[in-house]
Amino acid sequence: FISLHSDAMDDPDVSGFTTYYTYPEQKAFAEAINKALERRSYFHNRGVHSMNYQVTWQLDYPAVLVELGYLSNAVDDMVLNESRYQDMMVKGIVEGINDYLN
């Protein structure tokens, strides 16, 4: 399960992507997705973190929530709206899934 998001913060300087999981057995999946996104993304990698988000804590199988960037940051917002960048992120996610499964 992969839940994709674009975050917003009060501080417009916050930028980057972050991958979240809830349970220890989801961590390897989160790390694989995050590593693959890092190979594709222009943004700062804010890392892999455990968080009790509803979309991941309800599941007992590999599940992540990915914040692809921050709409409150003008650069992130502009880049996230580019179809080429969106395609790059899709490729990164697919690569992460493949890396995790293999």
# chains A, B, ... in the order shown; residues from 1 in each chain; ligands from 1
>>> closest_atom_pairs(of="region 13-41 of chain A", to="region 82-92 of chain A", cutoff="12 Å", atoms="only C-alpha atoms", output="JSON lines")
{"residue": "A:Phe17", "atom": "CA", "partner": "A:Met89", "partner_atom": "CA", "distance": 10.7}
{"residue": "A:Ala32", "atom": "CA", "partner": "A:Gly92", "partner_atom": "CA", "distance": 9.8}
{"residue": "A:Ile33", "atom": "CA", "partner": "A:Gly92", "partner_atom": "CA", "distance": 7.3}
{"residue": "A:Asn34", "atom": "CA", "partner": "A:Gly92", "partner_atom": "CA", "distance": 8.6}
{"residue": "A:Lys35", "atom": "CA", "partner": "A:Gly92", "partner_atom": "CA", "distance": 8.5}
{"residue": "A:Ala36", "atom": "CA", "partner": "A:Gly92", "partner_atom": "CA", "distance": 5.0}
{"residue": "A:Leu37", "atom": "CA", "partner": "A:Gly92", "partner_atom": "CA", "distance": 4.8}
{"residue": "A:Glu38", "atom": "CA", "partner": "A:Gly92", "partner_atom": "CA", "distance": 8.0}
{"residue": "A:Arg39", "atom": "CA", "partner": "A:Gly92", "partner_atom": "CA", "distance": 7.3}
{"residue": "A:Arg40", "atom": "CA", "partner": "A:Gly92", "partner_atom": "CA", "distance": 5.9}
{"residue": "A:Ser41", "atom": "CA", "partner": "A:Met89", "partner_atom": "CA", "distance": 6.8}
>>> residues_around(residues="Gly16 (chain A)", least_positions_apart="6", cutoff="12 Å", atoms="only C-alpha atoms", output="VMD selection string")
chain A and resid 6 to 9 34 37 to 38 41 to 47 66 to 77 79 to 80
>>> closest_residue(among="A:Glu31, A:Asn52, A:Leu65, A:Pro12", to="Gly96 (chain A)", atoms="only C-alpha atoms")
A:Glu31
>>> select_by_dssp(residues="chain A", states="alpha helix (DSSP H)", output="PyMOL selection string")
chain A and resi 27-40+54-57+74-80+83-101
>>> closest_residue(among="A:Tyr53, A:Phe1, A:Tyr100, A:Tyr61", to="Gln26 (chain A)", atoms="only C-alpha atoms")
A:Tyr61
>>> closest_residue(among="A:Ile93, A:His5, A:Asp13, A:Tyr23", to="Ala63 (chain A)", atoms="only C-alpha atoms")
A:Tyr23
>>> select_by_dssp(residues="region 4-44 of chain A", states="strand (DSSP E)", output="MDAnalysis selection string")
chainID A and resid 4:7 17:21
>>> write_last_selection(atoms="N, CA and C atoms", output="mmCIF file, in the first residue's frame")
data_model
loop_
_atom_site.group_PDB
_atom_site.id
_atom_site.type_symbol
_atom_site.label_atom_id
_atom_site.label_comp_id
_atom_site.auth_asym_id
_atom_site.auth_seq_id
_atom_site.Cartn_x
_atom_site.Cartn_y
_atom_site.Cartn_z
ATOM 1 N N LEU A 4 0.185 8.545 -1.453
ATOM 2 C CA LEU A 4 0.983 9.679 -1.914
ATOM 3 C C LEU A 4 0.360 10.994 -1.475
ATOM 4 N N HIS A 5 1.219 11.900 -1.001
ATOM 5 C CA HIS A 5 0.753 13.176 -0.477
ATOM 6 C C HIS A 5 1.688 14.306 -0.872
ATOM 7 N N SER A 6 1.189 15.514 -0.812
ATOM 8 C CA SER A 6 1.972 16.737 -0.881
ATOM 9 C C SER A 6 1.614 17.527 0.367
ATOM 10 N N ASP A 7 2.608 17.842 1.162
ATOM 11 C CA ASP A 7 2.394 18.472 2.453
ATOM 12 C C ASP A 7 2.417 19.995 2.324
ATOM 13 N N PHE A 17 11.236 15.455 0.324
ATOM 14 C CA PHE A 17 10.300 14.331 0.392
ATOM 15 C C PHE A 17 10.622 13.478 1.613
ATOM 16 N N THR A 18 9.607 12.825 2.136
ATOM 17 C CA THR A 18 9.726 12.012 3.349
ATOM 18 C C THR A 18 8.901 10.756 3.175
ATOM 19 N N THR A 19 9.394 9.649 3.692
ATOM 20 C CA THR A 19 8.666 8.385 3.621
ATOM 21 C C THR A 19 8.369 7.917 5.045
ATOM 22 N N TYR A 20 7.093 7.600 5.297
ATOM 23 C CA TYR A 20 6.646 7.187 6.632
ATOM 24 C C TYR A 20 6.106 5.760 6.622
ATOM 25 N N TYR A 21 6.296 5.092 7.748
ATOM 26 C CA TYR A 21 5.732 3.763 7.993
ATOM 27 C C TYR A 21 5.282 3.738 9.446
#
>>> atom_distance(atom1="CA of Leu59 (chain A)", atom2="CA of Ser15 (chain A)")
28.2 Å
>>> atom_distance(atom1="CA of Asn81 (chain A)", atom2="CA of Val64 (chain A)")
21.9 Å
>>> closest_residue(among="A:Met78, A:Gln58, A:Val94, A:Asp10", to="Phe29 (chain A)", atoms="only C-alpha atoms")
A:Val94
>>> atom_distance(atom1="CA of Gln54 (chain A)", atom2="CA of Asp11 (chain A)")
24.7 Å
>>> closest_residue(among="A:Val48, A:Ala28, A:Val14, A:Ile2", to="Asn102 (chain A)", atoms="only C-alpha atoms")
A:Ala28
>>> closest_residue(among="A:Thr22, A:Ala30, A:Ser3, A:Asp60", to="Ile97 (chain A)", atoms="only C-alpha atoms")
A:Ala30
